[in-house]
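Asker: Structure supplied as final.txt; contents: compact mmCIF, C-alpha atoms.
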```txt
# COMPACT_ATOMS: atom_id res chain seq x y z
CA MET A 1 0.00 0.00 0.00
CA ARG A 2 2.90 2.32 0.73
CA ALA A 3 4.03 1.68 -2.85
CA ILE A 4 1.69 4.43 -4.00
CA THR A 5 3.93 7.46 -3.82
CA LYS A 6 2.90 10.74 -2.29
CA LEU A 7 3.41 12.27 -5.72
CA ALA A 8 0.84 9.89 -7.19
CA ALA A 9 -1.47 10.57 -4.28
CA GLY A 10 -1.15 14.29 -4.89
CA ALA A 11 -2.01 13.84 -8.53
CA ALA A 12 -4.98 11.75 -7.49
CA LEU A 13 -6.15 14.52 -5.18
CA ILE A 14 -6.13 17.03 -8.04
CA ALA A 15 -8.18 14.62 -10.12
CA MET A 16 -10.52 14.04 -7.19
CA THR A 17 -11.22 17.73 -6.83
CA ALA A 18 -11.77 18.10 -10.54
CA GLY A 19 -14.15 15.14 -10.63
CA ALA A 20 -16.00 15.68 -7.38
CA ALA A 21 -19.17 13.69 -6.97
CA LYS A 22 -22.60 15.26 -6.72
CA ALA A 23 -23.44 16.76 -3.36
CA ALA A 24 -26.34 14.38 -2.91
CA GLU A 25 -24.38 11.21 -3.59
CA VAL A 26 -21.76 9.14 -1.81
CA GLU A 27 -19.96 6.32 -3.59
CA VAL A 28 -18.91 3.80 -0.95
CA LEU A 29 -16.35 1.04 -1.36
CA HIS A 30 -16.88 -1.84 1.10
CA TRP A 31 -16.76 -5.62 1.42
CA TRP A 32 -20.05 -6.23 3.20
CA THR A 33 -21.52 -8.72 0.74
CA SER A 34 -22.90 -11.56 2.88
CA GLY A 35 -26.61 -11.64 3.67
CA GLY A 36 -26.28 -10.41 7.24
CA GLU A 37 -23.77 -7.72 6.28
CA ALA A 38 -25.89 -6.47 3.39
CA ALA A 39 -28.92 -6.26 5.69
CA ALA A 40 -26.92 -4.16 8.16
CA LEU A 41 -25.65 -1.87 5.41
CA ASN A 42 -29.21 -1.24 4.24
CA VAL A 43 -29.86 0.47 7.59
CA LEU A 44 -27.26 3.10 6.72
CA LYS A 45 -28.47 3.44 3.14
CA GLU A 46 -32.03 4.06 4.31
CA ASN A 47 -30.92 6.61 6.91
CA LEU A 48 -28.95 8.53 4.31
CA ALA A 49 -31.88 8.46 1.88
CA LYS A 50 -33.93 10.28 4.52
CA GLU A 51 -31.19 12.94 4.52
CA GLY A 52 -31.44 13.28 0.75
CA VAL A 53 -28.16 11.47 0.10
CA THR A 54 -28.03 8.79 -2.59
CA TRP A 55 -25.83 5.76 -1.97
CA LYS A 56 -23.76 4.52 -4.91
CA ASP A 57 -22.59 1.03 -4.03
CA MET A 58 -19.11 -0.33 -4.76
CA PRO A 59 -19.06 -3.77 -3.10
CA VAL A 60 -15.94 -5.96 -3.36
CA ALA A 61 -16.41 -9.47 -1.99
CA GLY A 62 -13.87 -10.89 0.47
CA GLY A 63 -14.27 -11.15 4.23
CA ALA A 64 -11.22 -9.18 5.44
CA GLY A 65 -11.07 -6.57 2.70
CA SER A 66 -7.91 -7.63 0.84
CA ALA A 67 -9.67 -7.56 -2.53
CA ALA A 68 -11.25 -4.22 -1.62
CA MET A 69 -7.83 -2.70 -0.93
CA THR A 70 -6.62 -3.84 -4.35
CA ALA A 71 -9.64 -2.16 -5.95
CA LEU A 72 -9.07 0.99 -3.90
CA ARG A 73 -5.41 1.27 -4.92
CA ALA A 74 -6.44 1.02 -8.56
CA ARG A 75 -9.08 3.74 -8.15
CA VAL A 76 -6.79 6.16 -6.29
CA THR A 77 -3.91 5.61 -8.70
CA ALA A 78 -6.28 6.40 -11.58
CA GLY A 79 -7.38 9.60 -9.82
CA ASP A 80 -10.95 8.36 -9.40
CA PRO A 81 -11.45 7.36 -5.75
CA PRO A 82 -14.79 6.63 -4.09
CA THR A 83 -16.00 9.28 -1.66
CA ALA A 84 -15.98 6.91 1.33
CA VAL A 85 -14.17 3.65 2.02
CA GLN A 86 -14.56 0.94 4.66
CA LEU A 87 -11.11 0.60 6.24
CA LEU A 88 -9.52 -1.20 9.18
CA GLY A 89 -6.70 -0.40 11.57
CA PHE A 90 -3.30 0.26 10.06
CA ASP A 91 -4.83 0.70 6.60
CA LEU A 92 -6.37 3.91 7.96
CA ARG A 93 -2.91 5.12 8.91
CA ASP A 94 -1.41 4.16 5.57
CA TRP A 95 -3.97 6.13 3.57
CA SER A 96 -3.79 9.05 5.98
CA GLU A 97 -0.03 9.26 5.46
CA MET A 98 -0.68 9.76 1.76
CA GLY A 99 -2.64 12.93 2.47
CA VAL A 100 -5.86 11.72 0.84
CA ALA A 101 -8.16 11.78 3.88
CA ALA A 102 -10.81 14.43 4.51
CA ASN A 103 -10.72 16.28 7.84
CA LEU A 104 -13.71 15.50 10.07
CA ASP A 105 -12.63 17.65 13.04
CA ASP A 106 -15.45 20.20 12.86
CA LEU A 107 -18.15 17.53 12.76
CA ALA A 108 -16.45 15.50 15.50
CA ALA A 109 -16.19 18.55 17.76
CA LYS A 110 -19.80 19.51 17.14
CA GLU A 111 -21.04 16.02 17.99
CA GLY A 112 -18.59 15.28 20.82
CA TRP A 113 -16.92 12.19 19.36
CA ASP A 114 -13.90 12.54 21.66
CA LYS A 115 -16.06 11.84 24.69
CA VAL A 116 -17.82 8.71 23.41
CA ILE A 117 -15.40 6.87 21.08
CA PRO A 118 -13.01 4.56 23.05
CA PRO A 119 -9.37 5.72 23.05
CA ALA A 120 -8.26 2.42 21.49
CA LEU A 121 -10.35 3.27 18.42
CA GLN A 122 -9.36 6.92 18.34
CA GLU A 123 -5.76 5.81 17.82
CA PHE A 124 -6.88 4.70 14.36
CA SER A 125 -9.80 7.07 13.70
CA LYS A 126 -7.40 10.00 14.03
CA TYR A 127 -4.16 10.85 12.24
CA ASP A 128 -1.82 13.52 13.59
CA GLY A 129 -4.57 14.45 16.04
CA HIS A 130 -7.21 14.99 13.35
CA TRP A 131 -10.35 12.89 12.83
CA VAL A 132 -10.16 11.12 9.46
CA ALA A 133 -12.71 8.31 9.91
CA ALA A 134 -16.07 7.56 11.50
CA PRO A 135 -16.11 4.23 13.39
CA VAL A 136 -19.24 2.20 12.76
CA ASN A 137 -18.87 -0.54 15.35
CA ILE A 138 -16.57 -2.62 17.47
CA HIS A 139 -16.26 -6.25 16.51
CA SER A 140 -14.38 -8.78 18.58
CA THR A 141 -12.77 -11.85 17.09
CA ASN A 142 -12.25 -14.25 20.01
CA TRP A 143 -15.70 -15.86 19.99
CA LEU A 144 -16.82 -19.47 19.71
CA TRP A 145 -20.28 -20.10 18.22
CA LEU A 146 -22.01 -23.36 19.07
CA ASN A 147 -25.09 -25.05 17.68
CA LYS A 148 -27.26 -25.45 20.80
CA ALA A 149 -28.79 -28.79 19.77
CA ALA A 150 -25.36 -30.22 18.87
CA LEU A 151 -23.94 -29.00 22.17
CA TYR A 152 -26.83 -30.60 24.10
CA LYS A 153 -26.33 -33.89 22.27
CA ALA A 154 -22.62 -33.75 23.15
CA GLY A 155 -23.38 -33.41 26.86
CA GLY A 156 -24.15 -29.70 27.13
CA LYS A 157 -20.89 -28.65 28.83
CA VAL A 158 -19.51 -25.35 27.55
CA PRO A 159 -15.69 -25.54 27.31
CA THR A 160 -13.71 -23.13 29.50
CA ASN A 161 -10.23 -23.89 28.19
CA ILE A 162 -8.72 -25.23 25.00
CA ASP A 163 -8.32 -28.79 26.31
CA GLU A 164 -12.04 -28.89 27.14
CA LEU A 165 -12.67 -27.59 23.63
CA PHE A 166 -10.77 -30.54 22.17
CA ALA A 167 -12.90 -32.89 24.28
CA LEU A 168 -16.09 -31.29 22.95
CA LEU A 169 -14.87 -31.45 19.36
CA ASP A 170 -14.17 -35.17 19.84
CA LYS A 171 -17.80 -35.63 20.91
CA PHE A 172 -19.04 -33.72 17.86
CA LYS A 173 -16.94 -36.00 15.67
CA ALA A 174 -18.34 -39.10 17.40
CA ASN A 175 -21.86 -37.77 16.75
CA GLY A 176 -21.20 -37.65 13.02
CA ILE A 177 -21.02 -33.90 12.40
CA VAL A 178 -18.17 -31.59 11.40
CA PRO A 179 -16.61 -30.63 14.75
CA LEU A 180 -15.22 -27.23 13.76
CA ALA A 181 -16.42 -25.25 10.74
CA HIS A 182 -13.57 -23.29 9.20
CA GLY A 183 -12.82 -21.55 5.92
CA GLY A 184 -9.27 -22.04 4.73
CA VAL A 185 -8.19 -18.55 3.71
CA PRO A 186 -5.37 -16.62 5.43
CA TRP A 187 -7.48 -14.13 7.38
CA GLN A 188 -9.66 -16.92 8.80
CA ASP A 189 -6.58 -18.98 9.68
CA GLY A 190 -5.20 -15.90 11.44
CA THR A 191 -8.44 -15.27 13.31
CA LEU A 192 -8.30 -18.80 14.74
CA TRP A 193 -4.56 -18.58 15.46
CA GLU A 194 -4.78 -15.32 17.41
CA ALA A 195 -7.53 -16.79 19.61
CA VAL A 196 -5.32 -19.80 20.34
CA VAL A 197 -2.37 -17.48 21.13
CA LEU A 198 -4.53 -15.62 23.65
CA SER A 199 -5.93 -18.85 25.10
CA ARG A 200 -2.55 -20.54 25.56
CA GLY A 201 -0.48 -17.53 26.54
CA GLY A 202 -2.86 -15.01 28.10
CA PRO A 203 -3.01 -11.28 27.42
CA ASP A 204 0.61 -10.49 28.38
CA PHE A 205 1.92 -13.09 25.96
CA TYR A 206 -0.46 -11.88 23.25
CA LYS A 207 0.87 -8.34 23.63
CA LYS A 208 4.45 -9.57 23.43
CA ALA A 209 4.01 -11.99 20.53
CA VAL A 210 1.38 -10.24 18.42
CA LEU A 211 1.29 -6.53 19.26
CA GLU A 212 5.07 -6.25 19.70
CA ALA A 213 6.06 -9.14 17.39
CA ASP A 214 8.85 -9.97 19.84
CA PRO A 215 11.20 -12.55 18.23
CA GLU A 216 11.67 -14.53 21.46
CA ALA A 217 7.92 -14.79 22.03
CA LEU A 218 7.34 -15.81 18.42
CA SER A 219 9.74 -18.74 18.78
CA SER A 220 8.98 -19.63 22.41
CA ASP A 221 7.74 -22.84 24.01
CA THR A 222 4.33 -21.20 24.42
CA MET A 223 4.20 -20.49 20.69
CA LYS A 224 5.15 -24.12 20.06
CA LYS A 225 2.02 -25.14 22.00
CA VAL A 226 0.00 -22.71 19.87
CA PHE A 227 1.19 -24.25 16.61
CA ASP A 228 0.69 -27.76 17.98
CA ASP A 229 -2.86 -26.77 18.93
CA MET A 230 -3.44 -25.44 15.42
CA SER A 231 -2.28 -28.76 13.95
CA LYS A 232 -4.74 -30.57 16.20
CA LEU A 233 -7.60 -28.19 15.36
CA ARG A 234 -6.92 -28.85 11.68
CA THR A 235 -7.99 -32.47 12.24
CA TYR A 236 -11.48 -31.28 13.17
CA PHE A 237 -12.14 -29.45 9.87
CA ASP A 238 -14.17 -31.01 7.06
CA PRO A 239 -12.42 -31.94 3.79
CA ASN A 240 -13.98 -29.02 1.90
CA PHE A 241 -12.75 -26.22 4.14
CA SER A 242 -10.09 -24.83 1.80
CA GLY A 243 -11.05 -21.48 0.26
CA ARG A 244 -14.53 -21.40 1.79
CA GLU A 245 -16.04 -18.04 2.74
CA TRP A 246 -16.70 -17.53 6.45
CA ASN A 247 -20.48 -17.19 6.09
CA LEU A 248 -20.72 -20.61 4.42
CA SER A 249 -18.95 -22.11 7.43
CA THR A 250 -21.40 -20.28 9.68
CA ALA A 251 -24.24 -21.83 7.67
CA LEU A 252 -22.91 -25.31 8.44
CA VAL A 253 -23.24 -24.61 12.17
CA ILE A 254 -26.66 -22.99 11.76
CA GLU A 255 -27.90 -26.06 9.89
CA GLY A 256 -26.48 -28.47 12.49
CA LYS A 257 -24.02 -29.94 10.00
CA ALA A 258 -21.19 -28.63 12.17
CA GLY A 259 -20.94 -28.13 15.90
CA ALA A 260 -18.86 -24.99 16.31
CA GLN A 261 -17.12 -22.10 14.59
CA GLU A 262 -14.43 -19.77 15.89
CA MET A 263 -15.23 -16.42 14.28
CA GLY A 264 -15.77 -12.75 14.97
CA ASP A 265 -19.18 -11.56 16.06
CA TRP A 266 -20.19 -10.64 12.50
CA SER A 267 -21.18 -14.29 12.22
CA LYS A 268 -24.04 -13.57 14.62
CA GLY A 269 -25.62 -11.52 11.85
CA GLU A 270 -26.00 -14.72 9.83
CA TRP A 271 -27.68 -16.50 12.76
CA LEU A 272 -30.11 -13.62 13.22
CA ARG A 273 -30.86 -13.47 9.51
CA ALA A 274 -31.72 -17.20 9.71
CA LYS A 275 -34.26 -16.31 12.45
CA LYS A 276 -32.22 -18.06 15.14
CA GLU A 277 -32.13 -16.86 18.74
CA PRO A 278 -29.13 -16.73 21.08
CA GLY A 279 -29.53 -19.12 24.01
CA LYS A 280 -32.25 -21.04 22.22
CA ASP A 281 -30.67 -22.01 18.91
CA PHE A 282 -27.05 -21.09 19.43
CA VAL A 283 -24.57 -20.37 22.20
CA CYS A 284 -22.00 -17.56 22.13
CA ILE A 285 -18.94 -17.77 24.38
CA ARG A 286 -15.48 -16.29 24.39
CA PHE A 287 -13.03 -18.67 22.77
CA PRO A 288 -12.15 -21.08 25.60
CA GLY A 289 -9.43 -19.65 27.81
CA THR A 290 -9.84 -16.02 26.67
CA GLN A 291 -12.63 -14.70 28.91
CA GLY A 292 -11.58 -11.32 30.30
CA SER A 293 -9.78 -10.24 27.14
CA VAL A 294 -11.17 -8.91 23.87
CA LEU A 295 -9.44 -8.91 20.50
CA PHE A 296 -11.04 -6.11 18.57
CA ASN A 297 -11.68 -5.13 15.00
CA ALA A 298 -13.67 -2.01 14.17
CA ASP A 299 -15.14 -1.09 10.80
CA GLN A 300 -14.58 2.57 10.00
CA PHE A 301 -15.47 4.78 7.08
CA MET A 302 -12.70 7.08 5.92
CA MET A 303 -13.83 10.04 3.84
CA PHE A 304 -11.48 10.81 0.97
CA ASP A 305 -10.70 14.46 0.32
CA VAL A 306 -12.73 14.83 -2.88
CA GLY A 307 -13.40 18.52 -2.26
CA GLY A 308 -16.19 20.57 -3.80
CA ASP A 309 -19.85 19.99 -3.12
CA ALA A 310 -19.34 16.28 -2.35
CA ALA A 311 -17.97 17.22 1.08
CA ALA A 312 -21.47 18.07 2.29
CA ALA A 313 -22.72 14.58 1.47
CA GLN A 314 -19.67 13.07 3.18
CA MET A 315 -20.37 14.99 6.37
CA LYS A 316 -23.98 13.82 6.32
CA MET A 317 -22.76 10.24 5.98
CA ALA A 318 -20.22 10.60 8.82
CA SER A 319 -22.86 12.15 11.06
CA ALA A 320 -25.32 9.38 10.20
CA VAL A 321 -22.73 6.74 11.11
CA GLU A 322 -22.23 8.20 14.60
CA ASN A 323 -25.93 8.81 15.25
CA PRO A 324 -26.87 6.76 18.37
CA ALA A 325 -30.10 5.51 16.78
CA PHE A 326 -28.14 4.24 13.78
CA GLN A 327 -25.47 2.67 15.99
CA ILE A 328 -28.20 0.68 17.74
CA ALA A 329 -30.10 -0.32 14.59
CA PHE A 330 -26.98 -1.22 12.60
CA ASN A 331 -25.18 -3.21 15.27
CA LYS A 332 -28.29 -5.17 16.21
CA VAL A 333 -28.29 -6.51 12.65
CA LYS A 334 -24.52 -6.73 12.09
CA GLY A 335 -23.71 -8.68 15.25
CA SER A 336 -21.19 -6.14 16.55
CA VAL A 337 -21.50 -3.63 19.38
CA PRO A 338 -21.66 0.17 19.05
CA ALA A 339 -18.50 2.20 18.57
CA ARG A 340 -19.94 4.69 21.08
CA THR A 341 -19.66 3.97 24.81
CA ASP A 342 -22.72 6.02 25.77
CA ILE A 343 -25.28 3.61 24.31
CA PRO A 344 -27.22 1.37 26.75
CA ASP A 345 -27.54 -2.36 26.06
CA THR A 346 -31.33 -2.33 26.51
CA ASP A 347 -32.22 -3.05 22.88
CA PHE A 348 -29.57 -5.70 22.33
CA ASP A 349 -29.74 -9.50 22.52
CA ASP A 350 -27.89 -11.60 25.08
CA CYS A 351 -24.78 -12.10 22.95
CA ALA A 352 -24.49 -8.36 22.32
CA LYS A 353 -25.06 -7.61 26.01
CA LYS A 354 -22.18 -9.96 26.78
CA GLY A 355 -20.09 -8.32 24.09
CA MET A 356 -20.68 -4.84 25.51
CA LYS A 357 -19.93 -6.00 29.06
CA ASP A 358 -16.78 -7.85 27.98
CA LEU A 359 -15.62 -4.79 26.02
CA ALA A 360 -16.03 -2.48 29.01
CA GLU A 361 -14.19 -4.94 31.27
CA ALA A 362 -11.30 -5.43 28.83
CA SER A 363 -10.98 -1.70 28.21
CA SER A 364 -10.73 -1.00 31.94
CA LYS A 365 -8.21 -3.82 32.51
CA GLY A 366 -5.98 -3.01 29.53
CA THR A 367 -6.86 -6.28 27.80
CA LEU A 368 -8.69 -4.72 24.84
CA MET A 369 -6.19 -5.59 22.12
CA GLY A 370 -6.08 -5.32 18.36
CA SER A 371 -6.72 -8.31 16.12
CA LEU A 372 -3.82 -9.33 13.89
CA ALA A 373 -5.97 -10.91 11.20
CA HIS A 374 -8.11 -7.79 10.90
CA GLY A 375 -5.42 -5.16 10.74
CA TYR A 376 -5.42 -3.71 14.26
CA ALA A 377 -2.26 -5.35 15.61
CA GLN A 378 0.38 -4.84 12.93
CA PRO A 379 0.84 -2.91 9.66
CA ALA A 380 -0.19 -4.73 6.50
CA ALA A 381 3.28 -5.99 5.50
CA ILE A 382 3.95 -7.63 8.87
CA LYS A 383 0.39 -8.94 9.14
CA GLU A 384 0.59 -10.60 5.72
CA ALA A 385 4.02 -12.08 6.50
CA MET A 386 2.69 -13.62 9.72
CA LEU A 387 -0.50 -14.90 8.08
CA ASP A 388 1.56 -16.53 5.35
CA VAL A 389 3.49 -18.60 7.90
CA ILE A 390 0.32 -19.40 9.88
CA THR A 391 -1.52 -20.62 6.76
CA GLN A 392 1.42 -22.66 5.47
CA HIS A 393 1.71 -24.40 8.82
CA LEU A 394 -2.02 -25.06 9.09
CA ASN A 395 -2.00 -26.63 5.62
CA GLY A 396 0.91 -28.91 6.50
CA GLN A 397 3.48 -27.09 4.37
CA LEU A 398 5.56 -26.22 7.44
CA THR A 399 6.26 -28.30 10.53
CA THR A 400 5.82 -26.65 13.91
CA ASP A 401 9.60 -26.35 14.34
CA ALA A 402 9.91 -24.78 10.90
CA ALA A 403 7.08 -22.36 11.66
CA LEU A 404 8.75 -21.30 14.92
CA LYS A 405 11.91 -20.48 12.95
CA ARG A 406 10.12 -18.88 10.01
CA LEU A 407 7.72 -16.63 11.93
CA PRO A 408 10.28 -14.22 13.47
CA GLU A 409 12.26 -14.30 10.22
CA ALA A 410 9.17 -13.29 8.24
CA VAL A 411 8.43 -10.44 10.63
CA ALA A 412 12.02 -9.15 10.45
CA ALA A 413 11.97 -9.26 6.64
CA ALA A 414 8.67 -7.36 6.50
CA LYS A 415 9.80 -4.47 8.73
```
As structure tokens - that is how I would like this structure written.
Answerer:
Amino acid sequence: MRAITKLAAGAALIAMTAGAAKAAEVEVLHWWTSGGEAAALNVLKENLAKEGVTWKDMPVAGGAGSAAMTALRARVTAGDPPTAVQLLGFDLRDWSEMGVAANLDDLAAKEGWDKVIPPALQEFSKYDGHWVAAPVNIHSTNWLWLNKAALYKAGGKVPTNIDELFALLDKFKANGIVPLAHGGVPWQDGTLWEAVVLSRGGPDFYKKAVLEADPEALSSDTMKKVFDDMSKLRTYFDPNFSGREWNLSTALVIEGKAGAQEMGDWSKGEWLRAKKEPGKDFVCIRFPGTQGSVLFNADQFMMFDVGGDAAAAQMKMASAVENPAFQIAFNKVKGSVPARTDIPDTDFDDCAKKGMKDLAEASSKGTLMGSLAHGYAQPAAIKEAMLDVITQHLNGQLTTDAALKRLPEAVAAAK
């Protein structure tokens, strides 16, 4: 992403200003293409329509946004960017460094964003002290989703650590269903891996190994256990897992063809769309061994500095995103929790209530930590280098010993 030079970015900005969109239209690049995600996005579209703003959709399929970033680079390089883009974590910083972000300070000051957006998010929503993005939600990635009927048939005991999880997965296998639904693409492999890192090592080890990418932690005995656990978890996947989108894995659990899925809370949107109820049809727990910590991922909309009359439509969109009524309506459908801390949990289901409580606890304890797989732990180059090793190991292309050697080497090469 840094390969786009500031000179090219400057040229793009000139083209943006020259080709500014209509004041009543926002063209939005995003990767919310699953059923539950699309339903959540419609809430924002409808709210903007009431404000007289037309939504021009630019969806790019792919759960973690890698394909969307490729499309965005092409658009910016050509001098024809969208007016708003869904971005995560360090990608926000990368684009801000290029000088292409609109300044949202006036709107943020008027609406008091500083008081209600958690500091951990503001580190990414701001660049050089200026607001450049409007956070939509806070997702967390260290969840385990269980089919209630399958869990009951397997004895009904919710696992509290990873060894109890293995015991439950063995029971699912004995009952003739896929024990663990998983989609074999790098970001999903990384989402599972980071949960195992937190489970085996605890929050201090997670900070050292993932947030700091400390070479000793990455090649430690604890990390050896993590990779061994990943090898064991691989034995619980079905034969068709490779390349499968996350929502199709969720569907396997919803339909009772699989017992469990480790996935971020966006998967809850699929359960709700299927008219399933938490506690009755499915069970949501923190990934065994990680209760008390939250690995977060927040969707944010960065407004690109297109200038001209389009800025008015952008400000309406940013304001709509932070509107408390929208934050409630959107996150109830999406599966996430609000990006604002001043919203009560009254209207939310049991899983969301747990999510909001866990978030508050982790934030107060210093155990609210960025997700590697979703761009909030490391810049893109280091993230991709780590995911490459994680995926190769999970697919049997690297032994655990080789992965322990390769992981710190890959990080060093990517810096």
Asker: May I ask which of the residues A:Val60, A:Ala339, A:Leu198, A:Val132 is the closest one to Trp95 of chain A, counting all atoms listed in the file?
Answerer: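 Ranking A:Val60, A:Ala339, A:Leu198, A:Val132 by distance to Trp95 of chain A, first place goes to A:Val132.
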Asker: What gap, in Å, lies between atom CA of Asp80 of chain A and atom CA of Phe124 of chain A?
Answerer: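 Interatomic distance, atom CA of Asp80 of chain A to atom CA of Phe124 of chain A: 24.4 Å.
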Asker: Would you compute the distance between atom CA of Gly335 of chain A and atom CA of Lys353 of chain A? Give it in Å to one decimal.
Answerer: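 That distance, rounded to one decimal, is 10.9 Å.
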Asker: For each of A:Ala373, A:Ala209, A:Cys284, A:Ala101, take the minimum atom-to-atom distance to Gly307 of chain A, counting all atoms listed in the file, then give the residue where this is smallest.
Answerer: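 Residue with the minimum atom-to-atom distance to Gly307 of chain A: A:Ala101.
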Asker: Figure out the distance between atom CA of Asp94 of chain A and atom CA of Ala108 of chain A, please, to one decimal in Å.
Answerer: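 Going from atom CA of Ala108 of chain A over to atom CA of Asp94 of chain A, I get 21.3 Å.
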Asker: Excluding Trp145 of chain A and residues on its chain fewer than 3 positions from it, collect all residues at most 10 Å away from it, counting only C-alpha atoms, and give them as a PyMOL selection string.
Answerer: chain A and resi 148+180-181+250+253-254+259-265+267-268+271+278+282-287
Asker: Let me make sure I understand: among A:Val158, A:Gly243, A:Pro59, A:Ala78, which one has the smallest atom-to-atom distance to Ser34 of chain A if we use all atoms listed in the file?
Answerer: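 Closest to Ser34 of chain A of all the choices is A:Pro59.
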Asker: For the point (-7.0, -15.7, 8.4) in file coordinates, what residues are within 12 Å, counting all atoms listed in the file? Give the answer as number ranges by chain?
Answerer: A: 62-66, 141, 182-195, 242-246, 262-264, 371-375, 383-392, 394
Asker: Which polymer residues, protein or nucleic acid, are no farther than 6 Å from (-19.9, 0.2, 15.6), counting only C-alpha atoms, as a PDB file with C-alpha atoms, keeping the file's coordinate frame?
Answerer:
```
ATOM      1  CA  PRO A 135     -16.110   4.230  13.390  1.00  0.00           C
ATOM      2  CA  VAL A 136     -19.240   2.200  12.760  1.00  0.00           C
ATOM      3  CA  ASN A 137     -18.870  -0.540  15.350  1.00  0.00           C
ATOM      4  CA  ILE A 138     -16.570  -2.620  17.470  1.00  0.00           C
ATOM      5  CA  VAL A 337     -21.500  -3.630  19.380  1.00  0.00           C
ATOM      6  CA  PRO A 338     -21.660   0.170  19.050  1.00  0.00           C
ATOM      7  CA  ALA A 339     -18.500   2.200  18.570  1.00  0.00           C
TER       8      ALA A 339
END
```
Asker: Can you work out which one of A:Ile382, A:Ala413, A:Val178, A:Ala403 has the shortest atom-to-atom distance to Ala213 of chain A, counting only C-alpha atoms?
Answerer: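 Closest to Ala213 of chain A, using only C-alpha atoms: A:Ile382.
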Asker: So, counting only C-alpha atoms, which residue among A:Asp128, A:Asp349, A:Asp309, A:Asp299 is closest to Gln86 of chain A?
Answerer: A:Asp299
Asker: Set the distance at 10 Å and use all atoms listed in the file: which residues neighbour Pro118 of chain A once local chain neighbours fewer than 4 positions away are removed? I'd like the list as a list in words.
Answerer: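 Near neighbours after the sequence-gap exclusion: Trp113, Asp114, Gln122, Glu123, Ile138, Ala339, Arg340, Thr341, Ala360 and Ser363 of chain A.
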Asker: As number ranges by chain, please: the residues near Ser96 of chain A (cut-off 12 Å, only C-alpha atoms, same-chain neighbours under 6 positions excluded).
Answerer: A: 1-2, 6, 9, 87, 89-90, 102-103, 124-133, 302-305
Asker: When distances are computed from all atoms listed in the file, which of A:Lys157, A:Lys110, A:Lys173, A:Lys56 shows the smallest separation from Glu27 of chain A?
Answerer: A:Lys56
